[in-house]
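Participant: First the structure, then my questions, so here it is.
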Amino acid sequence: MQLNRLFQKIFLLATIVFTLVLTSCDDELFTTDPDKILTFSTDTLTFDTVFTTLGSTTEKILVYNPNNRALRISSIALAGGANSQFRLNVDGNINENNKFADIEISAKDSMYIFVEVTVDPNNEDSPVLVADSIVFQTNGVNQRVRLEAFGQNMILWKNKTILNDTTLSAARPYLIYGYLAVDSAKTLNIPAGCKLYFHNNANLLVYGNLKAEGTFEKPIEMRGDRLDVVKFLDPVPYHYVAGQWGGVYLLWSGANHVLRNVNITSGYVGLYFSNNNRKELPNLEVTNCRIHNFVYYGLVAQNGNVTVNNSEISNTGSFSVYLNGGKHIFKQTTIANFYNGNRFEPTSRDKNPAVMIMALTRSAPMDPEFVNCVIAGGLENEFSIATRFLSEFKGSFSHSFIRRKTAYDLSQFSNIHWYQDADTILFKQTTYDDRKNLYFNFMPDSLSSVRGLANAVVAAEFPVDLNGNNRLEDGAPDAGAYEWKPQNQ
């Protein structure tokens, strides 16, 4: 019995000693040296503009322990506490007071902190700055990461129908959910500087007239409502990713639409100008506009008269321009389809050309005119005419660059530079280069065949290109929407 008691005492003593040793070793794993602190992926975490009340997408920072021993972070907290407009998720945990204690990071290890923000609405038209800081306390040392977000008040419309002639305001942006519709024979006027942000699959449906008249200094914007960047492709903005919203549909046979200095980007369809009445043709003017980056089409015109001046229509998963019935005039316009130049596009491009002219008897009579234009892209044939009898086709094409493997041998084509094998460099940038953060730039390259190709008389109608450059000063204007300029200009 005494021997058993002795063994029990020895075992208890050994257990206590072993526990003390483990505790001592555990303590030795963590450094308390105030010189051993954290590092961060950024000292300031900045959010893109956030629409008030709608919250934001999540941003993140990386917290790193660069030391050879583990760190115990005594406290991670927002300086603004529970009243902050920011919210934290620390290593998968959330806290309504935005405060966390005793967070451990092993030597040479790291963890993510995710941050969200909701900006309360106010009466300001201009964006307002919201700021706070994440405060870290480690080994008695305080460190901070600043948080910044701009909150923008907006006018939110969900499935809105405009029943009377209406002029929008440019003071605040419009955020569209579902659709914004214009009633039959009514006119929607969009002033210079107005911004329309469309939520996923939202559309602008015009059964009346659309008058969108911006200026070079204050263009009109129509785009998706994602203002952040693609997380897995940082820092690519969603603005550069097609399919963020629906498109603009112009659907009245008696309409007269005007779009000047309008940028329409990154939806499913740019302008869908459709009419089933072959006897009554609506009109559409597009001047100084950019229609860029769509899953399907840039401009579709069916039984309607279209004039496109000094504009860019580019990067679509199918036809960039589809014409079927009506009088169609294109002057000083760049039509370029390099849709597969992005690794972040939601679909692959089909085999349809950038420009399709569908001159068939079931549509209104066709009479296209292209002058001082560029039709280019990544396919061998970026221009096609579909007609029963090509010899009877009406139209006029002059002083333009056209990428087509086999040239049309028709009298309607004059002073055309048909694509040749040597025409490998046309533009400044035809892909997205994430190493240099360079996006598509359809200004001609210095060696481009579009340089000096334009008819000077027609170019004089549009003396300023889409970038604001004088296209007449060198005496040899270029085809397309952009004039070449040296790098230092």
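Scheme for the structure tokens: letters A, B, ... for chains in order shown; per-chain residue numbers from 1; ligand numbers from 1 in order shown.
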Among range 200-249 of chain A, which residues does DSSP mark as helix (DSSP H, G or I) when it is run on the backbone? Keep the chain and numbering as in the structure and answer as a count of residues only.
Facilitator: 6
Participant: Can you tell me, as a list in words, what residues are no more than 9 Å from Thr333 in chain A when counting only C-alpha atoms, ignoring any on the same chain fewer than 6 positions away?
Facilitator: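 Counting only the stated atoms, we get Val308, Asn309, Asn310, Ser311, Glu312, Ile313, Phe370, Val371, Asn372, Cys373, Val374, Ile375, Ala479, Gly480, Ala481 and Tyr482 of chain A.
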Participant: Kindly export the residues of the current selection with N, CA, C and O atoms, as an mmCIF file, in the first residue's frame.
Facilitator:
data_model
loop_
_atom_site.group_PDB
_atom_site.id
_atom_site.type_symbol
_atom_site.label_atom_id
_atom_site.label_comp_id
_atom_site.auth_asym_id
_atom_site.auth_seq_id
_atom_site.Cartn_x
_atom_site.Cartn_y
_atom_site.Cartn_z
ATOM 1 N N VAL A 308 -23.038 57.169 -87.742
ATOM 2 C CA VAL A 308 -22.025 57.004 -86.701
ATOM 3 C C VAL A 308 -20.811 57.841 -87.090
ATOM 4 O O VAL A 308 -20.207 57.619 -88.146
ATOM 5 N N ASN A 309 -20.469 58.812 -86.253
ATOM 6 C CA ASN A 309 -19.366 59.728 -86.541
ATOM 7 C C ASN A 309 -18.327 59.699 -85.426
ATOM 8 O O ASN A 309 -18.673 59.747 -84.241
ATOM 9 N N ASN A 310 -17.055 59.640 -85.824
ATOM 10 C CA ASN A 310 -15.953 59.846 -84.877
ATOM 11 C C ASN A 310 -16.135 59.026 -83.602
ATOM 12 O O ASN A 310 -16.033 59.531 -82.487
ATOM 13 N N SER A 311 -16.376 57.731 -83.761
ATOM 14 C CA SER A 311 -16.708 56.876 -82.625
ATOM 15 C C SER A 311 -15.910 55.581 -82.675
ATOM 16 O O SER A 311 -15.353 55.205 -83.708
ATOM 17 N N GLU A 312 -15.875 54.913 -81.545
ATOM 18 C CA GLU A 312 -15.244 53.597 -81.422
ATOM 19 C C GLU A 312 -16.298 52.574 -81.045
ATOM 20 O O GLU A 312 -17.054 52.769 -80.088
ATOM 21 N N ILE A 313 -16.337 51.462 -81.794
ATOM 22 C CA ILE A 313 -17.179 50.315 -81.459
ATOM 23 C C ILE A 313 -16.254 49.114 -81.431
ATOM 24 O O ILE A 313 -15.677 48.741 -82.465
ATOM 25 N N PHE A 370 -19.316 53.929 -95.853
ATOM 26 C CA PHE A 370 -18.207 53.955 -94.909
ATOM 27 C C PHE A 370 -17.093 54.796 -95.506
ATOM 28 O O PHE A 370 -16.632 54.519 -96.623
ATOM 29 N N VAL A 371 -16.644 55.810 -94.784
ATOM 30 C CA VAL A 371 -15.551 56.641 -95.253
ATOM 31 C C VAL A 371 -14.645 56.989 -94.066
ATOM 32 O O VAL A 371 -15.134 57.269 -92.971
ATOM 33 N N ASN A 372 -13.351 56.913 -94.289
ATOM 34 C CA ASN A 372 -12.346 57.197 -93.248
ATOM 35 C C ASN A 372 -12.507 56.295 -92.029
ATOM 36 O O ASN A 372 -12.339 56.725 -90.883
ATOM 37 N N CYS A 373 -12.830 55.035 -92.273
ATOM 38 C CA CYS A 373 -13.091 54.105 -91.171
ATOM 39 C C CYS A 373 -12.008 53.036 -91.089
ATOM 40 O O CYS A 373 -11.244 52.808 -92.021
ATOM 41 N N VAL A 374 -11.970 52.379 -89.945
ATOM 42 C CA VAL A 374 -11.090 51.239 -89.719
ATOM 43 C C VAL A 374 -11.946 50.065 -89.275
ATOM 44 O O VAL A 374 -12.732 50.186 -88.323
ATOM 45 N N ILE A 375 -11.804 48.946 -89.985
ATOM 46 C CA ILE A 375 -12.490 47.711 -89.605
ATOM 47 C C ILE A 375 -11.405 46.661 -89.405
ATOM 48 O O ILE A 375 -10.763 46.214 -90.364
ATOM 49 N N ALA A 479 -7.233 57.385 -90.788
ATOM 50 C CA ALA A 479 -8.555 56.760 -90.763
ATOM 51 C C ALA A 479 -8.894 56.348 -89.334
ATOM 52 O O ALA A 479 -8.011 56.089 -88.512
ATOM 53 N N GLY A 480 -10.174 56.288 -89.040
ATOM 54 C CA GLY A 480 -10.613 55.854 -87.726
ATOM 55 C C GLY A 480 -10.881 57.000 -86.776
ATOM 56 O O GLY A 480 -10.783 58.186 -87.134
ATOM 57 N N ALA A 481 -11.206 56.655 -85.549
ATOM 58 C CA ALA A 481 -11.628 57.646 -84.553
ATOM 59 C C ALA A 481 -10.464 58.355 -83.890
ATOM 60 O O ALA A 481 -10.664 59.359 -83.203
ATOM 61 N N TYR A 482 -9.233 57.856 -84.092
ATOM 62 C CA TYR A 482 -8.079 58.391 -83.372
ATOM 63 C C TYR A 482 -6.970 58.807 -84.331
ATOM 64 O O TYR A 482 -6.691 58.121 -85.319
#
Participant: Per DSSP on the backbone, filter range 5-180 of chain A down to the residues in strand (DSSP E) and report them as a PyMOL selection string.
Facilitator: chain A and resi 39-40+44-46+50-51+59-64+71-78+86-90+93-94+99-105+110-117+128-138+141-152+155-162+166-167+174-180
Participant: So, with only C-alpha atoms as the atoms that count, which of A:Met366, A:Val182, A:Tyr432, A:Ser106 lies closest to Asn340 in chain A?
Facilitator: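 Ranked by minimum distance to Asn340 in chain A, first place goes to A:Tyr432.
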Participant: Using only C-alpha atoms, which residue out of A:Val90, A:Met443, A:Val321, A:Leu390 lies closest to Ser411 in chain A?
Facilitator: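 Looking only at the distances to Ser411 in chain A, the closest residue turns out to be A:Leu390.
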Participant: I'd like the contact shell of Val119 in chain A - 9 Å cut-off, only C-alpha atoms, skipping same-chain residues fewer than 4 positions apart - returned as a ChimeraX atom specification.
Facilitator: /A:50-56,85-86,130,149-152
Participant: Which is closest to Gln137 in chain A among A:Thr46, A:Leu62, A:Leu227, A:Ile37, if we use only C-alpha atoms?
Facilitator: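 Among the listed residues, A:Ile37 lies closest to Gln137 in chain A.
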